file input-v4.cif (mmCIF, C-alpha atoms and all ligand atoms)
data_entry
#
loop_
_atom_site.label_atom_id
_atom_site.label_comp_id
_atom_site.auth_asym_id
_atom_site.auth_seq_id
_atom_site.Cartn_x
_atom_site.Cartn_y
_atom_site.Cartn_z
CA MET A 1 5.69 -11.00 1.35
CA ILE A 2 4.83 -7.35 1.70
CA ASP A 3 6.08 -5.80 -1.53
CA ALA A 4 5.06 -3.19 -4.10
CA LYS A 5 2.20 -5.39 -5.28
CA THR A 6 0.61 -6.02 -1.90
CA HIS A 7 1.24 -2.52 -0.62
CA TRP A 8 -2.29 -1.22 -1.25
CA PHE A 9 -3.76 -4.35 0.25
CA VAL A 10 -1.95 -4.21 3.57
CA ASN A 11 -2.66 -0.50 3.72
CA ASP A 12 -6.40 -0.73 3.06
CA ARG A 13 -7.19 -3.50 5.54
CA PHE A 14 -10.94 -3.71 5.02
CA GLY A 15 -12.90 -5.11 2.08
CA LEU A 16 -16.35 -6.36 1.11
CA PHE A 17 -16.92 -9.90 -0.12
CA ILE A 18 -20.05 -10.46 -2.21
CA HIS A 19 -21.46 -13.93 -2.80
CA TRP A 20 -24.17 -13.73 -5.39
CA GLY A 21 -25.54 -16.28 -7.80
CA LEU A 22 -28.38 -18.73 -8.36
CA TYR A 23 -28.11 -19.96 -4.77
CA SER A 24 -29.29 -16.49 -3.69
CA LEU A 25 -32.75 -17.57 -4.88
CA GLY A 26 -32.60 -20.78 -2.83
CA ALA A 27 -31.73 -18.41 0.03
CA ARG A 28 -30.41 -21.14 2.29
CA HIS A 29 -26.62 -21.27 1.87
CA GLU A 30 -24.49 -21.22 -1.27
CA TRP A 31 -23.70 -24.93 -0.79
CA LEU A 32 -27.35 -25.93 -1.05
CA MET A 33 -26.68 -27.94 -4.20
CA HIS A 34 -24.20 -30.02 -2.21
CA ASN A 35 -26.12 -30.06 1.06
CA GLU A 36 -29.34 -31.28 -0.52
CA ARG A 37 -27.73 -33.30 -3.33
CA VAL A 38 -29.75 -31.34 -5.85
CA PRO A 39 -29.58 -32.83 -9.36
CA THR A 40 -28.19 -30.47 -12.01
CA VAL A 41 -31.41 -30.10 -13.99
CA GLU A 42 -33.35 -29.27 -10.92
CA TYR A 43 -30.82 -26.68 -9.79
CA GLU A 44 -30.66 -25.12 -13.25
CA ARG A 45 -34.25 -24.01 -12.98
CA TYR A 46 -33.16 -21.13 -10.75
CA ALA A 47 -31.68 -19.56 -13.89
CA LYS A 48 -35.18 -19.17 -15.27
CA TYR A 49 -36.09 -17.00 -12.30
CA PHE A 50 -32.94 -14.95 -11.94
CA GLU A 51 -34.31 -11.46 -12.46
CA PRO A 52 -32.50 -9.06 -10.13
CA ASP A 53 -34.41 -5.88 -10.85
CA LEU A 54 -32.83 -4.10 -7.89
CA PHE A 55 -29.23 -4.88 -8.82
CA ASP A 56 -27.28 -1.63 -8.67
CA PRO A 57 -23.54 -2.12 -8.31
CA ALA A 58 -22.99 1.61 -7.82
CA GLU A 59 -25.16 1.28 -4.72
CA TRP A 60 -23.16 -1.77 -3.55
CA ALA A 61 -19.98 0.26 -3.99
CA ARG A 62 -21.48 3.25 -2.20
CA ARG A 63 -22.42 1.12 0.78
CA ALA A 64 -19.03 -0.54 0.90
CA LYS A 65 -17.33 2.83 0.83
CA ALA A 66 -19.58 4.25 3.52
CA ALA A 67 -18.65 1.28 5.70
CA GLY A 68 -14.97 2.20 5.28
CA MET A 69 -14.16 -0.65 2.92
CA LYS A 70 -11.60 -0.09 0.20
CA TYR A 71 -12.05 -3.08 -2.08
CA VAL A 72 -14.89 -5.31 -3.20
CA VAL A 73 -14.67 -8.95 -4.28
CA LEU A 74 -17.47 -10.57 -6.31
CA THR A 75 -18.10 -14.25 -7.01
CA THR A 76 -17.83 -14.63 -10.80
CA LYS A 77 -18.69 -18.32 -10.49
CA HIS A 78 -19.27 -20.34 -7.34
CA HIS A 79 -19.09 -24.12 -6.93
CA ASP A 80 -22.51 -24.47 -8.59
CA GLY A 81 -20.84 -23.46 -11.88
CA PHE A 82 -23.21 -20.62 -12.77
CA CYS A 83 -21.40 -17.68 -14.38
CA LEU A 84 -22.21 -14.05 -13.72
CA TRP A 85 -20.51 -12.87 -16.90
CA ASP A 86 -21.03 -13.34 -20.62
CA SER A 87 -18.73 -16.34 -20.98
CA GLN A 88 -18.29 -17.66 -24.50
CA LEU A 89 -17.43 -21.10 -23.13
CA THR A 90 -20.79 -22.10 -21.68
CA ASP A 91 -24.48 -21.28 -21.86
CA TYR A 92 -24.78 -21.50 -18.12
CA THR A 93 -24.48 -17.76 -17.62
CA VAL A 94 -26.43 -14.73 -16.59
CA MET A 95 -27.03 -14.00 -20.29
CA ASN A 96 -29.47 -16.90 -20.33
CA THR A 97 -31.59 -15.62 -17.49
CA PRO A 98 -34.35 -13.02 -17.68
CA TYR A 99 -31.73 -10.48 -16.60
CA ARG A 100 -29.52 -10.93 -19.71
CA ARG A 101 -26.83 -8.47 -18.65
CA ASP A 102 -23.19 -9.07 -17.86
CA VAL A 103 -23.04 -8.61 -14.09
CA VAL A 104 -19.25 -8.75 -13.92
CA ARG A 105 -19.00 -5.91 -16.46
CA GLU A 106 -21.39 -3.72 -14.50
CA PHE A 107 -19.77 -4.60 -11.20
CA THR A 108 -16.19 -3.92 -12.29
CA GLY A 109 -17.21 -0.62 -13.88
CA ALA A 110 -19.12 0.62 -10.85
CA VAL A 111 -16.55 -0.43 -8.26
CA ARG A 112 -13.71 1.14 -10.21
CA ALA A 113 -15.71 4.33 -10.75
CA ALA A 114 -16.22 4.56 -6.98
CA GLY A 115 -12.44 4.53 -6.51
CA LEU A 116 -12.41 1.10 -4.91
CA LYS A 117 -10.14 -1.78 -5.85
CA VAL A 118 -11.73 -4.52 -7.94
CA GLY A 119 -11.58 -8.12 -6.76
CA LEU A 120 -12.92 -11.30 -8.32
CA TYR A 121 -13.61 -14.64 -6.68
CA HIS A 122 -13.53 -17.70 -8.92
CA SER A 123 -14.44 -21.23 -7.92
CA LEU A 124 -12.07 -23.99 -8.96
CA LEU A 125 -14.79 -26.52 -8.22
CA ASP A 126 -17.64 -26.79 -10.69
CA TRP A 127 -20.58 -29.04 -9.87
CA HIS A 128 -22.27 -28.26 -13.15
CA HIS A 129 -19.54 -28.97 -15.68
CA PRO A 130 -19.92 -32.40 -17.33
CA ASP A 131 -16.18 -33.08 -17.23
CA PHE A 132 -15.61 -32.23 -13.58
CA PHE A 133 -14.87 -35.49 -11.77
CA VAL A 134 -17.44 -36.42 -9.18
CA ASP A 135 -15.80 -36.57 -5.74
CA GLY A 136 -16.80 -36.75 -2.11
CA MET A 137 -17.94 -33.11 -2.15
CA HIS A 138 -19.94 -33.30 -5.34
CA PRO A 139 -23.76 -33.18 -5.18
CA ARG A 140 -23.78 -36.56 -6.96
CA ARG A 141 -21.41 -38.18 -4.48
CA ASP A 142 -24.04 -40.65 -3.28
CA ASP A 143 -25.57 -41.55 -6.64
CA PRO A 144 -25.72 -45.31 -7.12
CA ASP A 145 -23.44 -44.95 -10.16
CA ALA A 146 -21.06 -42.53 -8.42
CA ALA A 147 -18.11 -44.86 -8.99
CA THR A 148 -18.64 -45.14 -12.73
CA ILE A 149 -19.81 -41.61 -13.57
CA ASN A 150 -16.25 -40.46 -13.95
CA THR A 151 -15.43 -42.83 -16.78
CA ASP A 152 -17.08 -40.39 -19.19
CA ARG A 153 -15.54 -37.35 -17.58
CA ASP A 154 -12.30 -35.69 -18.55
CA MET A 155 -10.55 -33.36 -16.09
CA ALA A 156 -8.14 -32.21 -18.81
CA ARG A 157 -11.09 -30.75 -20.69
CA TYR A 158 -12.37 -29.16 -17.49
CA ARG A 159 -8.95 -27.60 -16.91
CA GLN A 160 -9.07 -26.06 -20.34
CA TYR A 161 -12.49 -24.62 -19.56
CA LEU A 162 -11.28 -23.28 -16.21
CA HIS A 163 -8.24 -21.60 -17.73
CA GLY A 164 -10.28 -20.30 -20.66
CA GLN A 165 -12.82 -18.68 -18.37
CA VAL A 166 -10.18 -17.07 -16.21
CA ARG A 167 -8.59 -15.74 -19.39
CA GLU A 168 -11.90 -14.11 -20.33
CA LEU A 169 -12.25 -12.52 -16.90
CA LEU A 170 -8.72 -11.18 -16.88
CA THR A 171 -8.77 -9.94 -20.46
CA ASP A 172 -12.14 -8.31 -20.99
CA TYR A 173 -12.83 -6.39 -17.78
CA GLY A 174 -10.00 -3.90 -17.40
CA GLN A 175 -7.64 -3.90 -14.45
CA ILE A 176 -8.42 -6.55 -11.87
CA ASP A 177 -6.59 -5.90 -8.62
CA TYR A 178 -7.29 -9.08 -6.72
CA LEU A 179 -8.20 -12.70 -7.38
CA PHE A 180 -9.58 -15.17 -4.87
CA TYR A 181 -9.40 -18.74 -6.21
CA ASP A 182 -11.49 -21.22 -4.22
CA PHE A 183 -10.33 -23.91 -3.28
CA SER A 184 -8.03 -26.96 -3.10
CA TYR A 185 -8.95 -30.01 -1.06
CA ALA A 186 -6.53 -32.76 -2.07
CA SER A 187 -5.03 -33.20 1.37
CA ALA A 188 -5.74 -32.86 5.09
CA PRO A 189 -7.83 -31.47 6.71
CA PHE A 190 -10.17 -32.39 3.82
CA ASN A 191 -10.77 -36.06 3.90
CA VAL A 192 -12.89 -36.63 0.87
CA TRP A 193 -12.47 -39.18 -1.86
CA GLY A 194 -11.36 -37.69 -5.14
CA GLY A 195 -10.17 -34.49 -3.41
CA LYS A 196 -8.61 -32.03 -5.85
CA GLY A 197 -5.62 -29.73 -5.84
CA ALA A 198 -2.93 -28.00 -7.84
CA GLU A 199 -2.52 -30.81 -10.39
CA ASP A 200 -6.22 -30.99 -11.11
CA TRP A 201 -6.51 -27.23 -11.63
CA GLY A 202 -3.24 -26.94 -13.56
CA SER A 203 -2.41 -24.35 -10.93
CA VAL A 204 1.13 -23.60 -12.04
CA GLY A 205 -0.08 -22.61 -15.50
CA LEU A 206 -3.17 -20.88 -14.16
CA LEU A 207 -1.17 -18.73 -11.79
CA ALA A 208 1.39 -17.86 -14.47
CA MET A 209 -1.40 -16.85 -16.86
CA THR A 210 -3.08 -14.81 -14.12
CA ARG A 211 0.10 -12.83 -13.51
CA GLU A 212 0.84 -12.44 -17.19
CA LEU A 213 -2.61 -11.05 -18.01
CA GLN A 214 -2.74 -8.78 -14.95
CA PRO A 215 0.79 -7.93 -13.85
CA HIS A 216 -0.36 -5.96 -10.80
CA ILE A 217 -2.84 -8.48 -9.50
CA ILE A 218 -2.59 -10.13 -6.10
CA VAL A 219 -3.68 -13.74 -5.78
CA ASN A 220 -4.73 -15.74 -2.73
CA ASP A 221 -3.36 -19.06 -1.54
CA ARG A 222 -6.05 -21.58 -2.45
CA LEU A 223 -4.66 -22.86 -5.74
CA GLY A 224 -2.65 -25.41 -3.82
CA LEU A 225 0.34 -23.11 -4.34
CA PRO A 226 1.64 -20.23 -2.26
CA GLY A 227 0.02 -16.93 -3.18
CA ASP A 228 0.43 -13.29 -2.22
CA PHE A 229 -1.69 -13.56 0.91
CA ILE A 230 -3.26 -16.24 3.05
CA THR A 231 -6.92 -16.61 3.77
CA PRO A 232 -8.08 -17.80 7.19
CA GLU A 233 -11.78 -18.47 6.78
CA GLU A 234 -14.25 -17.82 9.58
CA TYR A 235 -11.67 -17.74 12.32
CA GLN A 236 -9.42 -15.03 13.68
CA PRO A 237 -5.70 -15.84 13.86
CA THR A 238 -4.22 -15.40 17.30
CA ALA A 239 -0.92 -13.90 16.14
CA THR A 240 0.74 -12.40 13.07
CA MET A 241 1.00 -15.06 10.36
CA GLU A 242 4.14 -16.53 8.85
CA VAL A 243 5.05 -18.95 6.11
CA ASP A 244 8.52 -20.53 6.41
CA GLY A 245 9.44 -17.99 9.07
CA GLN A 246 8.51 -15.04 6.83
CA ALA A 247 5.71 -12.63 7.76
CA VAL A 248 2.94 -12.82 5.16
CA PRO A 249 -0.06 -10.64 4.43
CA TRP A 250 -3.26 -12.31 5.51
CA GLU A 251 -6.94 -11.66 5.25
CA ALA A 252 -9.63 -13.26 7.38
CA CYS A 253 -12.85 -13.72 5.42
CA GLN A 254 -15.94 -13.67 7.58
CA THR A 255 -19.66 -14.08 7.15
CA LEU A 256 -22.34 -12.19 9.01
CA ASN A 257 -24.26 -15.38 9.80
CA GLY A 258 -22.36 -18.51 8.77
CA SER A 259 -23.69 -18.42 5.20
CA TRP A 260 -21.90 -16.68 2.32
CA GLY A 261 -24.88 -16.67 0.01
CA TYR A 262 -28.07 -14.89 1.07
CA ASN A 263 -29.80 -16.86 3.81
CA ARG A 264 -33.34 -15.66 4.35
CA ASP A 265 -33.88 -17.37 7.68
CA LYS A 266 -30.65 -16.34 9.38
CA GLY A 267 -30.01 -12.73 10.18
CA PRO A 268 -26.57 -11.45 11.14
CA ASP A 269 -25.46 -13.10 14.34
CA LYS A 270 -22.36 -10.97 14.69
CA SER A 271 -22.96 -7.58 16.23
CA VAL A 272 -21.34 -4.39 14.99
CA ASP A 273 -19.27 -4.29 18.18
CA LEU A 274 -17.97 -7.80 17.58
CA LEU A 275 -17.16 -7.05 13.94
CA VAL A 276 -15.27 -3.89 14.89
CA ARG A 277 -13.29 -5.93 17.41
CA MET A 278 -12.54 -8.52 14.74
CA LEU A 279 -11.31 -5.85 12.34
CA VAL A 280 -9.16 -4.20 14.99
CA ASP A 281 -7.80 -7.47 16.32
CA GLY A 282 -6.81 -8.46 12.79
CA VAL A 283 -5.02 -5.19 12.09
CA SER A 284 -3.20 -5.49 15.43
CA LYS A 285 -1.77 -8.75 13.98
CA ASN A 286 -1.10 -7.32 10.52
CA GLY A 287 -4.23 -8.78 8.95
CA ASN A 288 -7.14 -7.64 6.80
CA LEU A 289 -10.84 -8.31 7.13
CA LEU A 290 -12.94 -9.29 4.13
CA LEU A 291 -16.50 -9.14 5.36
CA ASN A 292 -19.21 -10.83 3.36
CA VAL A 293 -22.69 -9.76 2.32
CA GLY A 294 -24.92 -12.07 0.27
CA PRO A 295 -27.29 -9.90 -1.77
CA THR A 296 -30.83 -11.20 -2.32
CA GLY A 297 -32.13 -12.65 -5.56
CA ARG A 298 -33.39 -9.19 -6.45
CA GLY A 299 -29.87 -7.83 -6.19
CA ASN A 300 -30.18 -5.61 -3.14
CA PHE A 301 -28.63 -6.02 0.30
CA ASP A 302 -31.12 -7.12 2.91
CA PRO A 303 -31.97 -4.54 5.61
CA LYS A 304 -30.14 -6.43 8.37
CA ALA A 305 -26.90 -6.49 6.40
CA MET A 306 -27.27 -2.80 5.60
CA GLU A 307 -27.72 -2.00 9.25
CA VAL A 308 -24.47 -3.77 10.11
CA LEU A 309 -22.59 -1.99 7.32
CA GLU A 310 -23.93 1.33 8.55
CA GLY A 311 -22.82 0.58 12.10
CA LEU A 312 -19.34 -0.26 10.86
CA GLY A 313 -19.35 2.94 8.84
CA ASP A 314 -20.20 4.99 11.91
CA TRP A 315 -17.19 3.60 13.69
CA MET A 316 -14.87 3.84 10.69
CA GLN A 317 -15.82 7.42 10.00
CA LEU A 318 -14.31 8.41 13.34
CA HIS A 319 -11.59 5.79 13.68
CA SER A 320 -10.22 4.78 10.29
CA ARG A 321 -6.94 6.48 11.23
CA SER A 322 -6.23 3.50 13.47
CA ILE A 323 -6.92 1.05 10.61
CA TYR A 324 -5.64 2.32 7.25
CA GLY A 325 -1.90 2.03 6.95
CA ALA A 326 -1.69 0.62 10.46
CA GLY A 327 -0.35 -2.71 11.67
CA SER A 328 1.07 -4.43 14.69
CA SER A 329 3.09 -2.60 17.34
CA ARG A 330 6.21 -3.74 19.14
CA TYR A 331 4.60 -2.62 22.38
CA VAL A 332 2.59 -5.19 24.27
CA ALA A 333 -0.95 -4.08 25.03
CA PRO A 334 -2.57 -4.74 28.41
CA THR A 335 -5.48 -7.20 28.73
CA ASP A 336 -8.58 -6.17 26.79
CA VAL A 337 -6.68 -3.61 24.74
CA ARG A 338 -5.43 -4.01 21.16
CA TYR A 339 -2.70 -1.81 19.75
CA THR A 340 -2.31 -0.84 16.17
CA GLN A 341 0.47 1.46 15.09
CA ARG A 342 1.16 3.76 12.15
CA ALA A 343 4.55 5.52 12.24
CA ASN A 344 4.76 7.21 15.64
CA ARG A 345 1.09 7.00 16.42
CA LEU A 346 -0.04 4.18 18.62
CA TYR A 347 -3.75 3.38 18.86
CA ALA A 348 -5.11 1.79 22.00
CA HIS A 349 -8.47 0.12 21.27
CA ILE A 350 -10.18 -0.43 24.58
CA PHE A 351 -12.34 -3.57 24.34
CA ALA A 352 -13.48 -3.55 27.98
CA TRP A 353 -13.88 -0.21 29.68
CA PRO A 354 -11.90 0.05 32.92
CA LEU A 355 -12.64 2.21 35.91
CA GLU A 356 -10.70 5.45 35.44
CA TYR A 357 -7.15 4.14 34.99
CA LEU A 358 -5.58 2.29 32.13
CA HIS A 359 -2.01 1.15 32.79
CA LEU A 360 0.22 0.80 29.74
CA PRO A 361 3.48 -1.11 30.28
CA ASP A 362 6.76 0.28 28.93
CA LEU A 363 5.37 3.56 27.67
CA ALA A 364 6.44 5.94 30.46
CA GLY A 365 8.63 8.69 29.04
CA LYS A 366 7.83 7.66 25.48
CA VAL A 367 4.62 9.55 24.89
CA GLU A 368 4.13 13.20 23.94
CA TYR A 369 0.36 13.44 23.96
CA ALA A 370 -2.80 11.34 24.04
CA GLN A 371 -6.35 11.97 22.89
CA PHE A 372 -9.55 10.12 22.11
CA LEU A 373 -9.84 9.52 18.42
CA ASN A 374 -13.60 10.03 18.25
CA ASP A 375 -13.52 13.68 19.41
CA ALA A 376 -9.85 14.69 19.77
CA SER A 377 -10.33 15.34 23.47
CA GLU A 378 -7.18 15.19 25.55
CA VAL A 379 -6.56 12.14 27.69
CA SER A 380 -4.38 12.93 30.68
CA MET A 381 -1.39 10.80 31.53
CA LEU A 382 0.53 10.11 34.69
CA VAL A 383 3.37 7.92 35.85
CA ILE A 384 2.77 6.44 39.28
CA ASP A 385 5.84 5.95 41.42
CA PRO A 386 6.45 2.19 41.72
CA SER A 387 6.98 2.57 45.45
CA ALA A 388 3.81 4.58 46.14
CA PRO A 389 1.60 2.77 48.68
CA ALA A 390 -1.98 1.92 47.77
CA LEU A 391 -3.72 3.98 50.44
CA THR A 392 -7.28 5.07 50.92
CA THR A 393 -8.08 6.80 47.61
CA SER A 394 -4.64 6.67 45.98
CA VAL A 395 -3.77 4.08 43.38
CA GLY A 396 -0.74 2.09 44.42
CA GLY A 397 2.59 2.04 42.58
CA GLN A 398 2.81 0.53 39.15
CA PRO A 399 5.71 -1.44 37.67
CA ALA A 400 8.55 0.81 36.53
CA GLY A 401 8.01 2.10 33.01
CA THR A 402 4.22 2.07 33.19
CA LEU A 403 2.30 4.97 31.74
CA THR A 404 -1.15 5.45 33.18
CA LEU A 405 -4.02 7.05 31.28
CA LYS A 406 -6.75 8.72 33.24
CA LEU A 407 -10.06 7.93 31.61
CA PRO A 408 -13.53 9.35 32.22
CA ILE A 409 -16.05 7.14 33.98
CA HIS A 410 -18.29 7.22 30.92
CA ARG A 411 -16.89 5.55 27.91
CA PRO A 412 -17.19 7.48 24.64
CA HIS A 413 -20.40 6.63 22.84
CA VAL A 414 -18.82 4.50 20.09
CA SER A 415 -18.51 0.73 19.51
CA ILE A 416 -14.88 0.55 20.53
CA PRO A 417 -13.19 3.65 22.01
CA VAL A 418 -9.69 4.42 20.78
CA VAL A 419 -6.95 6.52 22.38
CA GLU A 420 -4.50 7.97 19.91
CA ILE A 421 -1.07 8.09 21.50
CA PHE A 422 1.70 10.24 20.02
CA LEU A 423 5.01 8.51 20.65
CA THR A 424 8.11 10.60 21.00
CA ASP A 425 9.91 8.67 18.26
C1 LIG B 501 -15.25 -21.74 1.04
C2 LIG B 501 -16.60 -22.17 0.65
C3 LIG B 501 -17.44 -21.10 0.27
C4 LIG B 501 -17.04 -19.69 0.35
C5 LIG B 501 -15.63 -19.47 0.64
C6 LIG B 501 -15.21 -18.12 1.10
O1 LIG B 501 -14.25 -22.51 0.79
O2 LIG B 501 -16.63 -23.26 -0.17
O3 LIG B 501 -18.74 -21.37 -0.02
O4 LIG B 501 -17.19 -19.16 -0.90
O5 LIG B 501 -14.87 -20.44 1.00
O6 LIG B 501 -13.93 -18.07 1.60
#

call {"tool": "encode", "arguments": {"input": "input-v4.cif", "output": "structure tokens", "more": "lines below"}}
Ligand code: GLC
result
Amino acid sequence: MIDAKTHWFVNDRFGLFIHWGLYSLGARHEWLMHNERVPTVEYERYAKYFEPDLFDPAEWARRAKAAGMKYVVLTTKHHDGFCLWDSQLTDYTVMNTPYRRDVVREFTGAVRAAGLKVGLYHSLLDWHHPDFFVDGMHPRRDDPDAATINTDRDMARYRQYLHGQVRELLTDYGQIDYLFYDFSYASAPFNVWGGKGAEDWGSVGLLAMTRELQPHIIVNDRLGLPGDFITPEEYQPTATMEVDGQAVPWEACQTLNGSWGYNRDKGPDKSVDLLVRMLVDGVSKNGNLLLNVGPTGRGNFDPKAMEVLEGLGDWMQLHSRSIYGAGSSRYVAPTDVRYTQRANRLYAHIFAWPLEYLHLPDLAGKVEYAQFLNDASEVSMLVIDPSAPALTTSVGGQPAGTLTLKLPIHRPHVSIPVVEIFLTD
């Protein structure tokens, strides 16, 4: 539901996801422990080399802001179990690496100081914890003793650990605006043995504690319980999203290259133009975009990721008016155009540039003025008589109610051109 709590979120629309941890050193996907069935002791050795001398969260925040993002979400712990904060409940933390500083403290401070909302990601899975039941997703799933390993394990103890760690994160780091729990896999479409969900995490209690410790926080939907927003991952919904017939806030999370953690051998495969279209398309369906960057093991963003953020920033600097505070419109956009609307301003995002005329159904008589958003230059409008013949150089009649925009032959020199349309009411 869109309420006082989610108001900032549906207004801001665009955030940065940061996946950072020991897997950043492996530099080949944050699931490498699972993918390669890496034994715990072998994986742990990354901790010895975690020395991010270039880590500067103020710089992360600055880059997010310059890209037009309004909130930043950091992995406190991913499925590998390694903790980026000074947890009192385990030694498997950043304090026992050469770095020896509480990353979550520095991150939350810097992001807040930059005026951005602070988000934390926390993995429900933990492939390092000795009480976490081995299941079909666990790195030890194929061990010869996989069936008997669990006899010594105790999920109740793991639950206590999970809740205790979340309590630390939500008590010691000031106001946390957003929490992304990840994830539940007890039922379809996950068909793994030993799949886990709400019961295993103690989700009812965990969610209640989360809300009690941070009354303003918004929580995602991966605890196996409904949350404040839903989280399509690596796909773009084709319509506004609903749960039980009720419109719900949603946020698509997207990678640059199919990997959340830094992947040395895979540069971004999504262009700036595509990412702008994804952002716009989402907002036109009342959704947010949480775009991921996986910093390197030294703590900086790699040059290719920075280039993409800069490209997004160039577009946002001129067009954020069509994004912040905007959402779907009741008007139906023509092919290759996406509408977003904020009060009486309608934004036509032109994905494919037409030759001179853009015909907008149902808008005749409802528009006061139109201009390009990138340079505030007027866009002229006409209504073509439905009965006018198509003759020699004249465009034929358009269906009644159509408003036609007359566009220049050259499209504006921006990723996606936007016409700002002032509706009469
Ligand atoms: C997933 C993955 C993961 C990533 C995430 C982001 O469920 O397990 O590695 O962190 O979702 O949405």

call {"tool": "closest_residue", "arguments": {"input": "input-v4.cif", "among": "A:Trp315, A:Trp250, A:Trp31, A:Phe55", "to": "ligand LIG 501 (chain B)", "atoms": "only C-alpha atoms and all ligand atoms"}}
result
A:Trp31

call {"tool": "closest_residue", "arguments": {"input": "input-v4.cif", "among": "A:Trp260, A:Tyr331, A:Phe190, A:Trp85", "to": "A:Pro361", "atoms": "only C-alpha atoms"}}
result
A:Tyr331

call {"tool": "closest_atom_pairs", "arguments": {"input": "input-v4.cif", "of": "chain A", "to": "ligand LIG 501 (chain B)", "cutoff": "9 Å", "atoms": "only C-alpha atoms and all ligand atoms", "output": "JSON lines"}}
result
{"residue": "A:Phe17", "atom": "CA", "partner": "B:LIG501", "partner_atom": "C6", "distance": 8.5}
{"residue": "A:His19", "atom": "CA", "partner": "B:LIG501", "partner_atom": "O4", "distance": 7.0}
{"residue": "A:His29", "atom": "CA", "partner": "B:LIG501", "partner_atom": "O3", "distance": 8.1}
{"residue": "A:Glu30", "atom": "CA", "partner": "B:LIG501", "partner_atom": "O3", "distance": 5.9}
{"residue": "A:Trp31", "atom": "CA", "partner": "B:LIG501", "partner_atom": "O3", "distance": 6.2}
{"residue": "A:Thr75", "atom": "CA", "partner": "B:LIG501", "partner_atom": "O4", "distance": 7.9}
{"residue": "A:His78", "atom": "CA", "partner": "B:LIG501", "partner_atom": "O4", "distance": 6.9}
{"residue": "A:His79", "atom": "CA", "partner": "B:LIG501", "partner_atom": "O2", "distance": 7.2}
{"residue": "A:Tyr121", "atom": "CA", "partner": "B:LIG501", "partner_atom": "O4", "distance": 8.2}
{"residue": "A:His122", "atom": "CA", "partner": "B:LIG501", "partner_atom": "O4", "distance": 8.9}
{"residue": "A:Ser123", "atom": "CA", "partner": "B:LIG501", "partner_atom": "O4", "distance": 7.8}
{"residue": "A:Leu125", "atom": "CA", "partner": "B:LIG501", "partner_atom": "O2", "distance": 8.9}
{"residue": "A:Phe180", "atom": "CA", "partner": "B:LIG501", "partner_atom": "O6", "distance": 8.3}
{"residue": "A:Asp182", "atom": "CA", "partner": "B:LIG501", "partner_atom": "O1", "distance": 5.9}
{"residue": "A:Phe183", "atom": "CA", "partner": "B:LIG501", "partner_atom": "O1", "distance": 5.8}
{"residue": "A:Ser184", "atom": "CA", "partner": "B:LIG501", "partner_atom": "O1", "distance": 8.6}
{"residue": "A:Arg222", "atom": "CA", "partner": "B:LIG501", "partner_atom": "O1", "distance": 8.9}
{"residue": "A:Thr231", "atom": "CA", "partner": "B:LIG501", "partner_atom": "O6", "distance": 7.5}
{"residue": "A:Pro232", "atom": "CA", "partner": "B:LIG501", "partner_atom": "O6", "distance": 8.1}
{"residue": "A:Glu233", "atom": "CA", "partner": "B:LIG501", "partner_atom": "O6", "distance": 5.6}
{"residue": "A:Glu234", "atom": "CA", "partner": "B:LIG501", "partner_atom": "O6", "distance": 8.0}
{"residue": "A:Ala252", "atom": "CA", "partner": "B:LIG501", "partner_atom": "O6", "distance": 8.7}
{"residue": "A:Cys253", "atom": "CA", "partner": "B:LIG501", "partner_atom": "O6", "distance": 5.9}
{"residue": "A:Gln254", "atom": "CA", "partner": "B:LIG501", "partner_atom": "O6", "distance": 7.7}
{"residue": "A:Thr255", "atom": "CA", "partner": "B:LIG501", "partner_atom": "C6", "distance": 8.5}
{"residue": "A:Ser259", "atom": "CA", "partner": "B:LIG501", "partner_atom": "O3", "distance": 7.8}
{"residue": "A:Trp260", "atom": "CA", "partner": "B:LIG501", "partner_atom": "C4", "distance": 6.0}
{"residue": "A:Gly261", "atom": "CA", "partner": "B:LIG501", "partner_atom": "O3", "distance": 7.7}
{"residue": "A:Asn292", "atom": "CA", "partner": "B:LIG501", "partner_atom": "C6", "distance": 8.6}

call {"tool": "atom_distance", "arguments": {"input": "input-v4.cif", "atom1": "atom CA of A:Val418", "atom2": "atom CA of A:Gly397"}}
result
25.1 Å

call {"tool": "closest_residue", "arguments": {"input": "input-v4.cif", "among": "A:Ile350, A:Leu256, A:Ile218, A:Val134", "to": "A:Leu309", "atoms": "all atoms listed in the file"}}
result
A:Leu256

call {"tool": "closest_atom_pairs", "arguments": {"input": "input-v4.cif", "of": "stretch 364-424 of chain A", "to": "stretch 267-274 of chain A", "cutoff": "12 Å", "atoms": "only C-alpha atoms", "output": "CSV"}}
result
residue,atom,partner,partner_atom,distance
A:His413,CA,A:Asp273,CA,11.9
A:Val414,CA,A:Asp273,CA,9.0
A:Ser415,CA,A:Asp273,CA,5.2
A:Ile416,CA,A:Asp273,CA,6.9
A:Pro417,CA,A:Asp273,CA,10.7

call {"tool": "atom_distance", "arguments": {"input": "input-v4.cif", "atom1": "atom CA of A:Leu74", "atom2": "atom CA of A:Pro130"}}
result
24.6 Å

call {"tool": "closest_residue", "arguments": {"input": "input-v4.cif", "among": "A:Ala376, A:His359, A:His349, A:Asn344", "to": "A:Pro399", "atoms": "only C-alpha atoms"}}
result
A:His359

call {"tool": "atom_distance", "arguments": {"input": "input-v4.cif", "atom1": "atom CA of A:Arg211", "atom2": "atom CA of A:Arg159"}}
result
17.7 Å

call {"tool": "axis_aligned_box", "arguments": {"input": "input-v4.cif", "around": "stretch 171-178 of chain A", "padding_each_side": "4 Å", "output": "AutoDock Vina command-line options"}}
result
--center_x -9.7 --center_y -6.9 --center_z -13.9 --size_x 14.2 --size_y 14.0 --size_z 22.3
